[in-house]
Amino acid sequence: MKPVGPFCAPSFSPQRYWAHVPTQAVQEALRGIFACWGLPGALRVDNGKPWGSVRDLPPVLALWLLGLGMQMLWNPPRQPQKNGVVERSQGTSKRWAEPEQCDDPEQLQSQLDDSDRLQREKYPYREGKSRLQVFPQLPHSGRTYRQRAETQQWRLQPVLEHLAGYAVSRRVDSSGAISVYDRNLYVGVIHRGKLVQVMFDPHQHEWLICNDRGEQLRSKAAPEIAAKPICRLWSEPKPSNSSR
């Protein structure tokens, strides 16, 4: 038996390893998938980096996907049965690809590709027909994606509408500020230590900061919620904070 690599060790935790993958690398991989298979109508993901945040604002990768016209479906924490089709598919791929027999990630990827092709194109699914024969639309979603045309295809409005549905808690720090998308927003030193609620106003394009009674304390411009910084995953320095 060949040695077990670190990527398929018994203690393997997908979420733990995802935390070490640069978000830009995930974005580039998704772009390649979309170019090959087309844009999906929805994407079901787990919570945690880089996909989601339980009881907090969606991460920038999710905002980028929303702008491409996808519905984001976050699995409830610790409820894998809510994502049963994918869980079963991963189990089948693990059995067929035999990751414990692979010397490196490249060999594992090759065996996963082969097992996917076998399941999709050869293995009997219904009345002796393969999945591809039963579902001829499998090779492409019908929603074309081209990276060169992404700026024309991407839309800000779905992002604004989605963010409008959030109200998240923040605790004001000792300097009187809170953090929203790694950007410090000044609330006031008289509020330090207090919990505040942060919401997004899609009409004024602002962050609204309210106290526990729902009274507005501050409003802050949100220049980071725009096409260019989101599509670049905020790789450029964020704009400096301005008080109002």
# chains A, B, ... in the order shown; residues from 1 in each chain; ligands from 1
$ residues_around --residues "Ala227 in chain A" --least-positions-apart "6" --cutoff "12 Å" --atoms "only C-alpha atoms" --output "MDAnalysis selection string"
chainID A and resid 60 63:68 150:160 233:234
$ write_last_selection --atoms "C-alpha atoms" --output "compact mmCIF listing (two decimals), in the first residue's frame"
# COMPACT_ATOMS: atom_id res chain seq x y z
CA VAL A 60 -16.43 39.02 -0.16
CA LEU A 63 -20.63 38.96 -2.69
CA TRP A 64 -18.75 38.28 -5.92
CA LEU A 65 -20.86 35.18 -6.59
CA LEU A 66 -24.08 37.07 -5.87
CA GLY A 67 -23.04 39.70 -8.41
CA LEU A 68 -22.69 36.95 -11.02
CA GLU A 150 -16.94 39.46 -16.31
CA THR A 151 -17.09 43.23 -15.79
CA GLN A 152 -20.03 43.43 -18.21
CA GLN A 153 -21.75 40.39 -16.72
CA TRP A 154 -21.36 41.27 -13.04
CA ARG A 155 -24.16 43.27 -11.35
CA LEU A 156 -24.07 45.24 -8.10
CA GLN A 157 -27.83 45.33 -7.48
CA PRO A 158 -28.15 41.71 -6.21
CA VAL A 159 -25.37 42.44 -3.70
CA LEU A 160 -27.11 45.58 -2.42
CA LEU A 233 -11.77 40.58 -3.52
CA TRP A 234 -10.56 43.80 -1.94
$ residues_around --residues "Phe135 in chain A" --least-positions-apart "3" --cutoff "12 Å" --atoms "only C-alpha atoms" --output "short mmCIF file (atom, residue, chain, number, x, y, z; two decimals) with N, CA and C atoms, in the first residue's frame"
data_model
loop_
_atom_site.label_atom_id
_atom_site.label_comp_id
_atom_site.auth_asym_id
_atom_site.auth_seq_id
_atom_site.Cartn_x
_atom_site.Cartn_y
_atom_site.Cartn_z
N ARG A 120 -20.80 10.00 -14.49
CA ARG A 120 -21.64 10.87 -15.32
C ARG A 120 -21.95 10.23 -16.68
N GLU A 121 -20.97 9.57 -17.29
CA GLU A 121 -21.10 9.18 -18.69
C GLU A 121 -21.27 7.67 -18.93
N TYR A 125 -27.63 4.65 -14.60
CA TYR A 125 -28.34 5.47 -13.61
C TYR A 125 -29.83 5.17 -13.59
N ARG A 126 -30.45 5.12 -14.77
CA ARG A 126 -31.88 4.89 -14.84
C ARG A 126 -32.19 4.13 -16.14
N LYS A 129 -29.50 3.66 -18.62
CA LYS A 129 -28.90 4.86 -19.21
C LYS A 129 -28.03 5.58 -18.18
N SER A 130 -27.00 6.26 -18.68
CA SER A 130 -26.13 7.05 -17.81
C SER A 130 -26.81 8.35 -17.42
N ARG A 131 -26.23 9.04 -16.44
CA ARG A 131 -26.76 10.35 -16.04
C ARG A 131 -26.75 11.32 -17.21
N LEU A 132 -25.70 11.28 -18.02
CA LEU A 132 -25.61 12.20 -19.15
C LEU A 132 -26.72 11.93 -20.17
N LEU A 138 -26.39 18.29 -18.65
CA LEU A 138 -25.32 18.26 -17.66
C LEU A 138 -24.02 18.95 -18.11
N PRO A 139 -23.60 18.83 -19.37
CA PRO A 139 -22.31 19.42 -19.75
C PRO A 139 -22.23 20.93 -19.61
N HIS A 140 -23.39 21.62 -19.60
CA HIS A 140 -23.33 23.08 -19.49
C HIS A 140 -24.66 23.61 -18.97
N SER A 141 -24.58 24.61 -18.08
CA SER A 141 -25.80 25.15 -17.48
C SER A 141 -26.63 25.99 -18.44
#
$ closest_residue --among "A:Val134, A:Ser53, A:Lys220, A:Pro99" --to "Lys122 in chain A" --atoms "only C-alpha atoms"
A:Val134
$ select_by_dssp --residues "range 188-231 of chain A" --states "helix (DSSP H, G or I)" --output "list of chain:residue names"
A:Val189, A:Ile190, A:His191, A:Ala227, A:Lys228, A:Pro229, A:Ile230, A:Cys231
$ residues_around --residues "Arg78 in chain A" --least-positions-apart "4" --cutoff "10 Å" --atoms "only C-alpha atoms" --output "list in words"
Asp46, Asn47 and Lys82 of chain A
$ write_last_selection --atoms "N, CA and C atoms" --output "compact mmCIF listing (two decimals), in the first residue's frame"
# COMPACT_ATOMS: atom_id res chain seq x y z
N ASP A 46 -20.84 25.62 2.62
CA ASP A 46 -20.76 25.54 4.07
C ASP A 46 -20.50 26.92 4.65
N ASN A 47 -20.59 27.02 5.96
CA ASN A 47 -20.22 28.24 6.66
C ASN A 47 -18.73 28.19 7.00
N LYS A 82 -28.79 18.22 5.40
CA LYS A 82 -29.39 19.25 4.57
C LYS A 82 -28.73 19.33 3.21
$ select_by_dssp --residues "range 29-191 of chain A" --states "strand (DSSP E or B)" --output "list in words"
Ala42, Leu43, Arg44, Val45, Gly48, Gly52, Gln71, Met72, Leu73, Trp74, Arg126, Lys129, Ala167, Val168, Ser169, Arg170, Arg171, Ala177, Ile178, Ser179, Val180, Arg183, Asn184, Leu185 and Tyr186 of chain A
$ write_last_selection --atoms "N, CA and C atoms" --output "JSON list (two decimals), in the first residue's frame"
[["chain", "number", "residue", "atom", "x", "y", "z"],
["A", 42, "ALA", "N", -27.55, 28.54, -8.57],
["A", 42, "ALA", "CA", -27.37, 28.66, -7.13],
["A", 42, "ALA", "C", -26.13, 27.89, -6.73],
["A", 43, "LEU", "N", -25.57, 28.26, -5.60],
["A", 43, "LEU", "CA", -24.38, 27.60, -5.07],
["A", 43, "LEU", "C", -24.63, 27.29, -3.60],
["A", 44, "ARG", "N", -24.58, 25.99, -3.26],
["A", 44, "ARG", "CA", -24.76, 25.59, -1.87],
["A", 44, "ARG", "C", -23.39, 25.43, -1.23],
["A", 45, "VAL", "N", -23.19, 26.11, -0.11],
["A", 45, "VAL", "CA", -21.87, 26.14, 0.51],
["A", 45, "VAL", "C", -21.98, 25.94, 2.01],
["A", 48, "GLY", "N", -18.14, 29.33, 7.13],
["A", 48, "GLY", "CA", -16.71, 29.40, 7.40],
["A", 48, "GLY", "C", -15.95, 29.82, 6.17],
["A", 52, "GLY", "N", -18.75, 31.43, 3.97],
["A", 52, "GLY", "CA", -19.79, 32.10, 4.73],
["A", 52, "GLY", "C", -19.36, 32.38, 6.15],
["A", 71, "GLN", "N", -27.73, 32.45, -6.61],
["A", 71, "GLN", "CA", -28.32, 32.44, -5.28],
["A", 71, "GLN", "C", -27.37, 31.69, -4.35],
["A", 72, "MET", "N", -27.12, 32.25, -3.19],
["A", 72, "MET", "CA", -26.24, 31.61, -2.22],
["A", 72, "MET", "C", -27.07, 30.85, -1.20],
["A", 73, "LEU", "N", -26.79, 29.56, -1.06],
["A", 73, "LEU", "CA", -27.50, 28.70, -0.11],
["A", 73, "LEU", "C", -26.50, 28.19, 0.91],
["A", 74, "TRP", "N", -26.61, 28.69, 2.14],
["A", 74, "TRP", "CA", -25.68, 28.28, 3.19],
["A", 74, "TRP", "C", -26.28, 27.12, 3.98],
["A", 126, "ARG", "N", -30.45, 5.12, -14.77],
["A", 126, "ARG", "CA", -31.88, 4.89, -14.84],
["A", 126, "ARG", "C", -32.19, 4.13, -16.14],
["A", 129, "LYS", "N", -29.50, 3.66, -18.62],
["A", 129, "LYS", "CA", -28.90, 4.86, -19.21],
["A", 129, "LYS", "C", -28.03, 5.58, -18.18],
["A", 167, "ALA", "N", -28.66, 42.33, 9.80],
["A", 167, "ALA", "CA", -28.45, 43.19, 10.97],
["A", 167, "ALA", "C", -27.51, 42.42, 11.88],
["A", 168, "VAL", "N", -26.26, 42.86, 11.97],
["A", 168, "VAL", "CA", -25.25, 42.11, 12.70],
["A", 168, "VAL", "C", -24.74, 42.93, 13.89],
["A", 169, "SER", "N", -24.30, 42.21, 14.90],
["A", 169, "SER", "CA", -23.84, 42.85, 16.13],
["A", 169, "SER", "C", -22.34, 43.11, 16.07],
["A", 170, "ARG", "N", -21.95, 44.23, 16.65],
["A", 170, "ARG", "CA", -20.55, 44.57, 16.84],
["A", 170, "ARG", "C", -20.39, 45.20, 18.22],
["A", 171, "ARG", "N", -19.25, 44.95, 18.85],
["A", 171, "ARG", "CA", -18.96, 45.61, 20.12],
["A", 171, "ARG", "C", -17.97, 46.74, 19.86],
["A", 177, "ALA", "N", -14.47, 52.47, 18.00],
["A", 177, "ALA", "CA", -14.69, 52.02, 16.62],
["A", 177, "ALA", "C", -15.18, 50.58, 16.58],
["A", 178, "ILE", "N", -15.77, 50.22, 15.46],
["A", 178, "ILE", "CA", -16.14, 48.84, 15.16],
["A", 178, "ILE", "C", -15.50, 48.47, 13.82],
["A", 179, "SER", "N", -15.48, 47.18, 13.53],
["A", 179, "SER", "CA", -14.90, 46.71, 12.27],
["A", 179, "SER", "C", -15.99, 46.10, 11.40],
["A", 180, "VAL", "N", -16.07, 46.55, 10.15],
["A", 180, "VAL", "CA", -16.98, 46.00, 9.16],
["A", 180, "VAL", "C", -16.17, 45.72, 7.90],
["A", 183, "ARG", "N", -12.69, 47.04, 7.95],
["A", 183, "ARG", "CA", -12.57, 48.50, 7.89],
["A", 183, "ARG", "C", -13.11, 49.09, 9.18],
["A", 184, "ASN", "N", -12.33, 49.93, 9.83],
["A", 184, "ASN", "CA", -12.74, 50.53, 11.09],
["A", 184, "ASN", "C", -13.72, 51.68, 10.85],
["A", 185, "LEU", "N", -14.85, 51.62, 11.53],
["A", 185, "LEU", "CA", -15.86, 52.67, 11.45],
["A", 185, "LEU", "C", -16.00, 53.29, 12.83],
["A", 186, "TYR", "N", -15.79, 54.59, 12.92],
["A", 186, "TYR", "CA", -15.84, 55.27, 14.21],
["A", 186, "TYR", "C", -17.28, 55.50, 14.64]]
$ residues_around --residues "range 23-32 of chain A" --least-positions-apart "3" --cutoff "7 Å" --atoms "only C-alpha atoms" --output "short mmCIF file (atom, residue, chain, number, x, y, z; two decimals) with C-alpha atoms, in the first residue's frame"
data_model
loop_
_atom_site.label_atom_id
_atom_site.label_comp_id
_atom_site.auth_asym_id
_atom_site.auth_seq_id
_atom_site.Cartn_x
_atom_site.Cartn_y
_atom_site.Cartn_z
CA ALA A 35 -15.97 28.81 -18.01
CA CYS A 36 -16.18 25.04 -18.53
CA PRO A 50 -14.10 31.49 2.44
CA GLN A 147 -13.67 35.96 -17.56
#
$ atom_distance --atom1 "CA of Ser235 in chain A" --atom2 "CA of Ala222 in chain A"
16.3 Å
$ atom_distance --atom1 "CA of Phe200 in chain A" --atom2 "CA of Ala164 in chain A"
5.2 Å
$ atom_distance --atom1 "CA of Asn75 in chain A" --atom2 "CA of Ser93 in chain A"
20.7 Å
$ closest_residue --among "A:Glu161, A:Asp182, A:Asp173, A:Glu224" --to "Pro202 in chain A" --atoms "only C-alpha atoms"
A:Glu161
$ decode --residues "range 83-106 of chain A" --atoms "N, CA and C atoms" --output "short mmCIF file (atom, residue, chain, number, x, y, z; two decimals), in the first residue's frame"
data_model
loop_
_atom_site.label_atom_id
_atom_site.label_comp_id
_atom_site.auth_asym_id
_atom_site.auth_seq_id
_atom_site.Cartn_x
_atom_site.Cartn_y
_atom_site.Cartn_z
N ASN A 83 -27.56 18.71 3.10
CA ASN A 83 -26.81 18.71 1.84
C ASN A 83 -26.53 17.27 1.42
N GLY A 84 -27.57 16.44 1.53
CA GLY A 84 -27.41 15.00 1.36
C GLY A 84 -26.86 14.57 0.02
N VAL A 85 -27.30 15.20 -1.08
CA VAL A 85 -26.85 14.80 -2.41
C VAL A 85 -25.34 14.96 -2.53
N VAL A 86 -24.82 16.11 -2.09
CA VAL A 86 -23.39 16.36 -2.19
C VAL A 86 -22.61 15.44 -1.25
N GLU A 87 -23.13 15.24 -0.03
CA GLU A 87 -22.45 14.37 0.92
C GLU A 87 -22.33 12.95 0.37
N ARG A 88 -23.40 12.43 -0.23
CA ARG A 88 -23.35 11.09 -0.81
C ARG A 88 -22.39 11.04 -2.00
N SER A 89 -22.41 12.11 -2.80
CA SER A 89 -21.52 12.16 -3.95
C SER A 89 -20.05 12.15 -3.52
N GLN A 90 -19.75 12.89 -2.46
CA GLN A 90 -18.38 12.91 -1.97
C GLN A 90 -17.96 11.54 -1.42
N GLY A 91 -18.91 10.86 -0.77
CA GLY A 91 -18.61 9.53 -0.29
C GLY A 91 -18.31 8.56 -1.42
N THR A 92 -19.11 8.66 -2.50
CA THR A 92 -18.86 7.81 -3.67
C THR A 92 -17.52 8.12 -4.30
N SER A 93 -17.21 9.40 -4.43
CA SER A 93 -15.92 9.80 -5.02
C SER A 93 -14.76 9.29 -4.19
N LYS A 94 -14.90 9.34 -2.87
CA LYS A 94 -13.83 8.85 -2.00
C LYS A 94 -13.61 7.35 -2.19
N ARG A 95 -14.70 6.60 -2.32
CA ARG A 95 -14.55 5.15 -2.51
C ARG A 95 -13.96 4.82 -3.88
N TRP A 96 -14.43 5.52 -4.91
CA TRP A 96 -13.98 5.19 -6.25
C TRP A 96 -12.58 5.72 -6.55
N ALA A 97 -12.24 6.90 -6.06
CA ALA A 97 -10.94 7.50 -6.38
C ALA A 97 -9.83 6.96 -5.48
N GLU A 98 -10.17 6.38 -4.34
CA GLU A 98 -9.20 5.79 -3.41
C GLU A 98 -8.05 6.75 -3.09
N PRO A 99 -8.34 7.84 -2.41
CA PRO A 99 -7.28 8.82 -2.11
C PRO A 99 -6.13 8.24 -1.30
N GLU A 100 -6.39 7.20 -0.50
CA GLU A 100 -5.30 6.62 0.31
C GLU A 100 -4.25 5.92 -0.54
N GLN A 101 -4.58 5.69 -1.82
CA GLN A 101 -3.63 5.06 -2.73
C GLN A 101 -2.83 6.07 -3.55
N CYS A 102 -3.10 7.34 -3.36
CA CYS A 102 -2.47 8.39 -4.18
C CYS A 102 -1.18 8.89 -3.54
N ASP A 103 -0.21 9.17 -4.39
CA ASP A 103 1.08 9.69 -3.92
C ASP A 103 1.07 11.20 -3.72
N ASP A 104 0.23 11.90 -4.46
CA ASP A 104 0.25 13.36 -4.40
C ASP A 104 -1.12 13.89 -4.85
N PRO A 105 -1.37 15.20 -4.64
CA PRO A 105 -2.67 15.77 -5.03
C PRO A 105 -2.97 15.66 -6.52
N GLU A 106 -1.93 15.70 -7.36
CA GLU A 106 -2.16 15.62 -8.80
C GLU A 106 -2.73 14.26 -9.19
#
